[in-house]
Amino acid sequence: MTLTAQQLDAMMPDASQLYSDEPEMESSLHYMQLLLLVTCLEWLWRETEDFFIGANLTIYFSRQQLRNRDFRGPDFFLVKPTQKRPRNAWVVWEEDGKYPNLIIELLSTSTAATDRTLKKDLYQDRFRTPEYFWFSPDTLEFQGFRLMGNRYQEIAPNESGWRWSEELGLYLGVEQGQLRYFTPEGDRVPTPEEAAQQAVERAQQAQTQAQQAQSQLEQAQTQAQQAQSQLEQERQRAKRLAEQLRSLGIDPE
């Protein structure tokens with residue numbers, strides 16, 4: 001008996017039965033880069049609840065892929081809008097058919113060829129993912145593509161070598177050997193630790209400015225007191241002079 005597509009879909013396991021099946025990151029350098037991408041965006045969007053970030057997480061999207069387990073999930077992917085909650089894996093048929101809006105692959109010796117060809121074609125033709133970037137933490141190779149019609153077109157870099165992401169509303173660019181986010185104004189999106197350090201530095205600057213202002217106020221008060229003292233001394237001298245003139249029969253008026 002031949003089963004219909006609907007019957008086959010009904011036989012698919014639900015998300016609670018599927019778990020991510022991804023290998024470890026290629027190196028600590030790759031792991032730190034992935035952590036950087038996740039934590040910076042989570043911090044920037046900390047007051048937003050309508051997105052999901054997948055980090056080295058399997059995407060289940062078809063019966064064949066589920067049977068063969070022949071696809072490794074992206075290193076980093078973003079889905080929006082969707083509910084922000086923990087997931088064991090991204091299961092497309094349990095997520096209203098949603099595929100990632102943006103994918104970033106971290107190239108390595110073992111994955112670079114696949115990331116540049118097979119995965120790029122899959123994200124373009126099957127996922128229809130609007131934006132795809134790849135970056136090598138080893139060689140700093142950085143590319144970005146946007147889906148235009150049915151094909152990926154390269155995203156041209158700006159004068160800083162950054163590439164604009166419409167899905168993020170941010171630039172992606174390489175700085176000090178790392179792939180970072182930058183605001184439209186050109187400010188680097190900090191990590192939570194960097195943001196905390198910046199807050200400490202701003203507080204210290206504000207304290208220093210307050211201390212300088214207090215010192216300037218005290219100096220002004222001292223100068224005012226000195227001026228008042230000089231004025232009083234002048235008054236006393238004028239008074240003594242007037243008394244001397246009167247003793248000589250001279251009206252000081």
# chains A, B, ... in the order shown; residues from 1 in each chain; ligands from 1
$ select_by_dssp --residues "region 4-93 of chain A" --states "strand (DSSP E)" --output "VMD selection string"
chain A and resid 52 to 55 59 to 60 76 to 79 90 to 91
$ write_last_selection --atoms "C-alpha atoms" --output "mmCIF file, in the first residue's frame"
data_model
loop_
_atom_site.group_PDB
_atom_site.id
_atom_site.type_symbol
_atom_site.label_atom_id
_atom_site.label_comp_id
_atom_site.auth_asym_id
_atom_site.auth_seq_id
_atom_site.Cartn_x
_atom_site.Cartn_y
_atom_site.Cartn_z
ATOM 1 C CA PHE A 52 15.469 31.978 18.056
ATOM 2 C CA ILE A 53 19.205 31.480 17.669
ATOM 3 C CA GLY A 54 20.499 28.030 16.848
ATOM 4 C CA ALA A 55 24.136 27.310 17.677
ATOM 5 C CA ILE A 59 17.734 21.335 11.553
ATOM 6 C CA TYR A 60 15.271 18.551 10.640
ATOM 7 C CA PHE A 76 24.758 29.586 13.557
ATOM 8 C CA PHE A 77 21.247 30.357 12.394
ATOM 9 C CA LEU A 78 18.532 32.877 13.188
ATOM 10 C CA VAL A 79 14.772 32.411 12.858
ATOM 11 C CA TRP A 90 14.912 22.932 14.939
ATOM 12 C CA VAL A 91 12.146 20.765 13.478
#
$ select_by_dssp --residues "region 8-215 of chain A" --states "helix (DSSP H, G or I)" --output "PDB file with C-alpha atoms, in the first residue's frame"
ATOM      1  CA  LEU A   8       3.808  10.150   5.731  1.00  0.00           C
ATOM      2  CA  ASP A   9       3.835  13.538   7.409  1.00  0.00           C
ATOM      3  CA  ALA A  10       1.632  12.182  10.184  1.00  0.00           C
ATOM      4  CA  MET A  11       4.208   9.469  10.787  1.00  0.00           C
ATOM      5  CA  ALA A  15       9.978  17.729  18.115  1.00  0.00           C
ATOM      6  CA  SER A  16      10.093  16.113  21.561  1.00  0.00           C
ATOM      7  CA  GLN A  17      11.453  12.931  19.963  1.00  0.00           C
ATOM      8  CA  SER A  28      38.461  26.246  20.457  1.00  0.00           C
ATOM      9  CA  LEU A  29      38.850  29.148  18.018  1.00  0.00           C
ATOM     10  CA  HIS A  30      35.638  28.093  16.255  1.00  0.00           C
ATOM     11  CA  TYR A  31      33.856  27.580  19.559  1.00  0.00           C
ATOM     12  CA  MET A  32      34.814  31.048  20.842  1.00  0.00           C
ATOM     13  CA  GLN A  33      33.700  32.635  17.572  1.00  0.00           C
ATOM     14  CA  LEU A  34      30.327  30.901  17.766  1.00  0.00           C
ATOM     15  CA  LEU A  35      29.923  31.945  21.396  1.00  0.00           C
ATOM     16  CA  LEU A  36      30.726  35.528  20.407  1.00  0.00           C
ATOM     17  CA  LEU A  37      28.047  35.577  17.702  1.00  0.00           C
ATOM     18  CA  VAL A  38      25.412  34.178  20.048  1.00  0.00           C
ATOM     19  CA  THR A  39      26.128  36.239  23.158  1.00  0.00           C
ATOM     20  CA  CYS A  40      26.443  39.586  21.372  1.00  0.00           C
ATOM     21  CA  LEU A  41      23.129  39.208  19.563  1.00  0.00           C
ATOM     22  CA  GLU A  42      21.376  37.866  22.664  1.00  0.00           C
ATOM     23  CA  TRP A  43      22.642  40.887  24.602  1.00  0.00           C
ATOM     24  CA  LEU A  44      21.634  43.369  21.901  1.00  0.00           C
ATOM     25  CA  ARG A  63      11.771  12.510   5.751  1.00  0.00           C
ATOM     26  CA  GLN A  64      14.819  11.614   3.645  1.00  0.00           C
ATOM     27  CA  GLN A  65      17.137  13.741   5.724  1.00  0.00           C
ATOM     28  CA  LEU A  66      15.668  12.235   8.888  1.00  0.00           C
ATOM     29  CA  ARG A  67      16.285   8.717   7.584  1.00  0.00           C
ATOM     30  CA  ASN A  68      19.781   9.307   6.244  1.00  0.00           C
ATOM     31  CA  VAL A  92      10.696  22.530  10.446  1.00  0.00           C
ATOM     32  CA  TRP A  93       7.359  20.693  10.364  1.00  0.00           C
ATOM     33  CA  GLU A  94       6.811  21.561  14.037  1.00  0.00           C
ATOM     34  CA  ALA A 112      34.879  24.571   3.850  1.00  0.00           C
ATOM     35  CA  ALA A 113      34.262  22.840   0.519  1.00  0.00           C
ATOM     36  CA  THR A 114      30.793  21.677   1.594  1.00  0.00           C
ATOM     37  CA  ASP A 115      29.897  25.055   3.076  1.00  0.00           C
ATOM     38  CA  ARG A 116      30.826  26.850  -0.164  1.00  0.00           C
ATOM     39  CA  LEU A 118      26.450  21.847  -1.216  1.00  0.00           C
ATOM     40  CA  LYS A 119      25.240  23.811   1.776  1.00  0.00           C
ATOM     41  CA  LYS A 120      25.090  27.048  -0.173  1.00  0.00           C
ATOM     42  CA  ASP A 121      22.898  25.345  -2.759  1.00  0.00           C
ATOM     43  CA  LEU A 122      20.699  23.780  -0.074  1.00  0.00           C
ATOM     44  CA  TYR A 123      20.184  27.084   1.734  1.00  0.00           C
ATOM     45  CA  GLN A 124      19.443  28.758  -1.577  1.00  0.00           C
ATOM     46  CA  ASP A 125      17.182  26.173  -3.205  1.00  0.00           C
ATOM     47  CA  ARG A 126      15.517  24.278  -0.345  1.00  0.00           C
ATOM     48  CA  PHE A 127      15.664  26.523   2.699  1.00  0.00           C
ATOM     49  CA  PRO A 192      27.914  41.359  27.899  1.00  0.00           C
ATOM     50  CA  GLU A 193      31.357  41.579  29.502  1.00  0.00           C
ATOM     51  CA  GLU A 194      32.394  44.444  27.213  1.00  0.00           C
ATOM     52  CA  ALA A 195      29.095  46.214  27.910  1.00  0.00           C
ATOM     53  CA  ALA A 196      29.653  45.840  31.661  1.00  0.00           C
ATOM     54  CA  GLN A 197      33.190  47.201  31.325  1.00  0.00           C
ATOM     55  CA  GLN A 198      31.907  50.116  29.262  1.00  0.00           C
ATOM     56  CA  ALA A 199      29.317  50.826  31.964  1.00  0.00           C
ATOM     57  CA  VAL A 200      32.060  50.795  34.620  1.00  0.00           C
ATOM     58  CA  GLU A 201      34.203  53.138  32.519  1.00  0.00           C
ATOM     59  CA  ARG A 202      31.256  55.494  31.974  1.00  0.00           C
ATOM     60  CA  ALA A 203      30.544  55.473  35.705  1.00  0.00           C
ATOM     61  CA  GLN A 204      34.201  56.200  36.442  1.00  0.00           C
ATOM     62  CA  GLN A 205      34.218  59.016  33.896  1.00  0.00           C
ATOM     63  CA  ALA A 206      31.035  60.440  35.408  1.00  0.00           C
ATOM     64  CA  GLN A 207      32.582  60.222  38.883  1.00  0.00           C
ATOM     65  CA  THR A 208      35.762  61.913  37.659  1.00  0.00           C
ATOM     66  CA  GLN A 209      33.726  64.668  36.004  1.00  0.00           C
ATOM     67  CA  ALA A 210      31.685  65.100  39.193  1.00  0.00           C
ATOM     68  CA  GLN A 211      34.883  65.323  41.243  1.00  0.00           C
ATOM     69  CA  GLN A 212      36.322  67.856  38.789  1.00  0.00           C
ATOM     70  CA  ALA A 213      33.104  69.878  38.943  1.00  0.00           C
ATOM     71  CA  GLN A 214      33.192  69.763  42.764  1.00  0.00           C
ATOM     72  CA  SER A 215      36.828  70.877  42.727  1.00  0.00           C
TER      73      SER A 215
END
$ residues_around --residues "Asp75 (chain A)" --least-positions-apart "3" --cutoff "9 Å" --atoms "only C-alpha atoms" --output "mmCIF file with N, CA and C atoms, in the first residue's frame"
data_model
loop_
_atom_site.group_PDB
_atom_site.id
_atom_site.type_symbol
_atom_site.label_atom_id
_atom_site.label_comp_id
_atom_site.auth_asym_id
_atom_site.auth_seq_id
_atom_site.Cartn_x
_atom_site.Cartn_y
_atom_site.Cartn_z
ATOM 1 N N MET A 25 32.675 21.409 17.788
ATOM 2 C CA MET A 25 33.276 22.412 16.927
ATOM 3 C C MET A 25 34.709 22.012 16.575
ATOM 4 N N LEU A 34 31.759 31.179 17.697
ATOM 5 C CA LEU A 34 30.327 30.901 17.766
ATOM 6 C C LEU A 34 29.720 31.518 19.019
ATOM 7 N N GLY A 54 19.989 29.385 16.777
ATOM 8 C CA GLY A 54 20.499 28.030 16.848
ATOM 9 C C GLY A 54 22.011 28.043 16.737
ATOM 10 N N ALA A 55 22.676 27.370 17.664
ATOM 11 C CA ALA A 55 24.136 27.310 17.677
ATOM 12 C C ALA A 55 24.569 25.851 17.619
ATOM 13 N N ASN A 56 25.153 25.453 16.479
ATOM 14 C CA ASN A 56 25.581 24.074 16.276
ATOM 15 C C ASN A 56 24.427 23.114 16.574
ATOM 16 N N LEU A 57 23.264 23.442 16.040
ATOM 17 C CA LEU A 57 22.018 22.725 16.307
ATOM 18 C C LEU A 57 21.487 22.113 15.014
ATOM 19 N N ARG A 72 24.424 18.044 8.307
ATOM 20 C CA ARG A 72 24.846 18.683 9.545
ATOM 21 C C ARG A 72 24.274 20.089 9.601
ATOM 22 N N ILE A 103 21.856 32.449 8.063
ATOM 23 C CA ILE A 103 22.756 31.361 8.444
ATOM 24 C C ILE A 103 24.195 31.859 8.341
ATOM 25 N N ILE A 104 25.012 31.468 9.316
ATOM 26 C CA ILE A 104 26.457 31.729 9.267
ATOM 27 C C ILE A 104 27.179 30.404 9.484
ATOM 28 N N GLU A 105 28.042 30.054 8.553
ATOM 29 C CA GLU A 105 28.883 28.875 8.696
ATOM 30 C C GLU A 105 30.308 29.325 9.015
ATOM 31 N N LEU A 106 30.933 28.617 9.944
ATOM 32 C CA LEU A 106 32.332 28.868 10.293
ATOM 33 C C LEU A 106 33.188 27.850 9.552
#
$ atom_distance --atom1 "CA of Glu175 (chain A)" --atom2 "CA of Gln143 (chain A)"
14.5 Å
$ residues_around --residues "region 232-239 of chain A" --least-positions-apart "6" --cutoff "12 Å" --atoms "only C-alpha atoms" --output "list in words"
Gln225, Gln226, Leu245, Arg246, Pro252 and Glu253 of chain A
$ write_last_selection --atoms "C-alpha atoms" --output "PDB file, in the first residue's frame"
ATOM      1  CA  GLN A 225      35.764  84.323  49.616  1.00  0.00           C
ATOM      2  CA  GLN A 226      39.148  85.851  48.770  1.00  0.00           C
ATOM      3  CA  LEU A 245      40.678 113.249  56.835  1.00  0.00           C
ATOM      4  CA  ARG A 246      37.958 114.230  59.313  1.00  0.00           C
ATOM      5  CA  PRO A 252      35.917 113.190  52.800  1.00  0.00           C
ATOM      6  CA  GLU A 253      32.598 113.672  50.997  1.00  0.00           C
TER       7      GLU A 253
END
$ residues_around --residues "Glu131 (chain A)" --least-positions-apart "6" --cutoff "6 Å" --atoms "only C-alpha atoms" --output "compact mmCIF listing (two decimals) with C-alpha atoms, in the first residue's frame"
# COMPACT_ATOMS: atom_id res chain seq x y z
CA LEU A 102 19.99 33.96 8.29
CA PHE A 145 25.09 36.43 0.08
CA ARG A 146 21.51 37.65 -0.20
$ atom_distance --atom1 "CA of Ser160 (chain A)" --atom2 "CA of Gly173 (chain A)"
7.9 Å
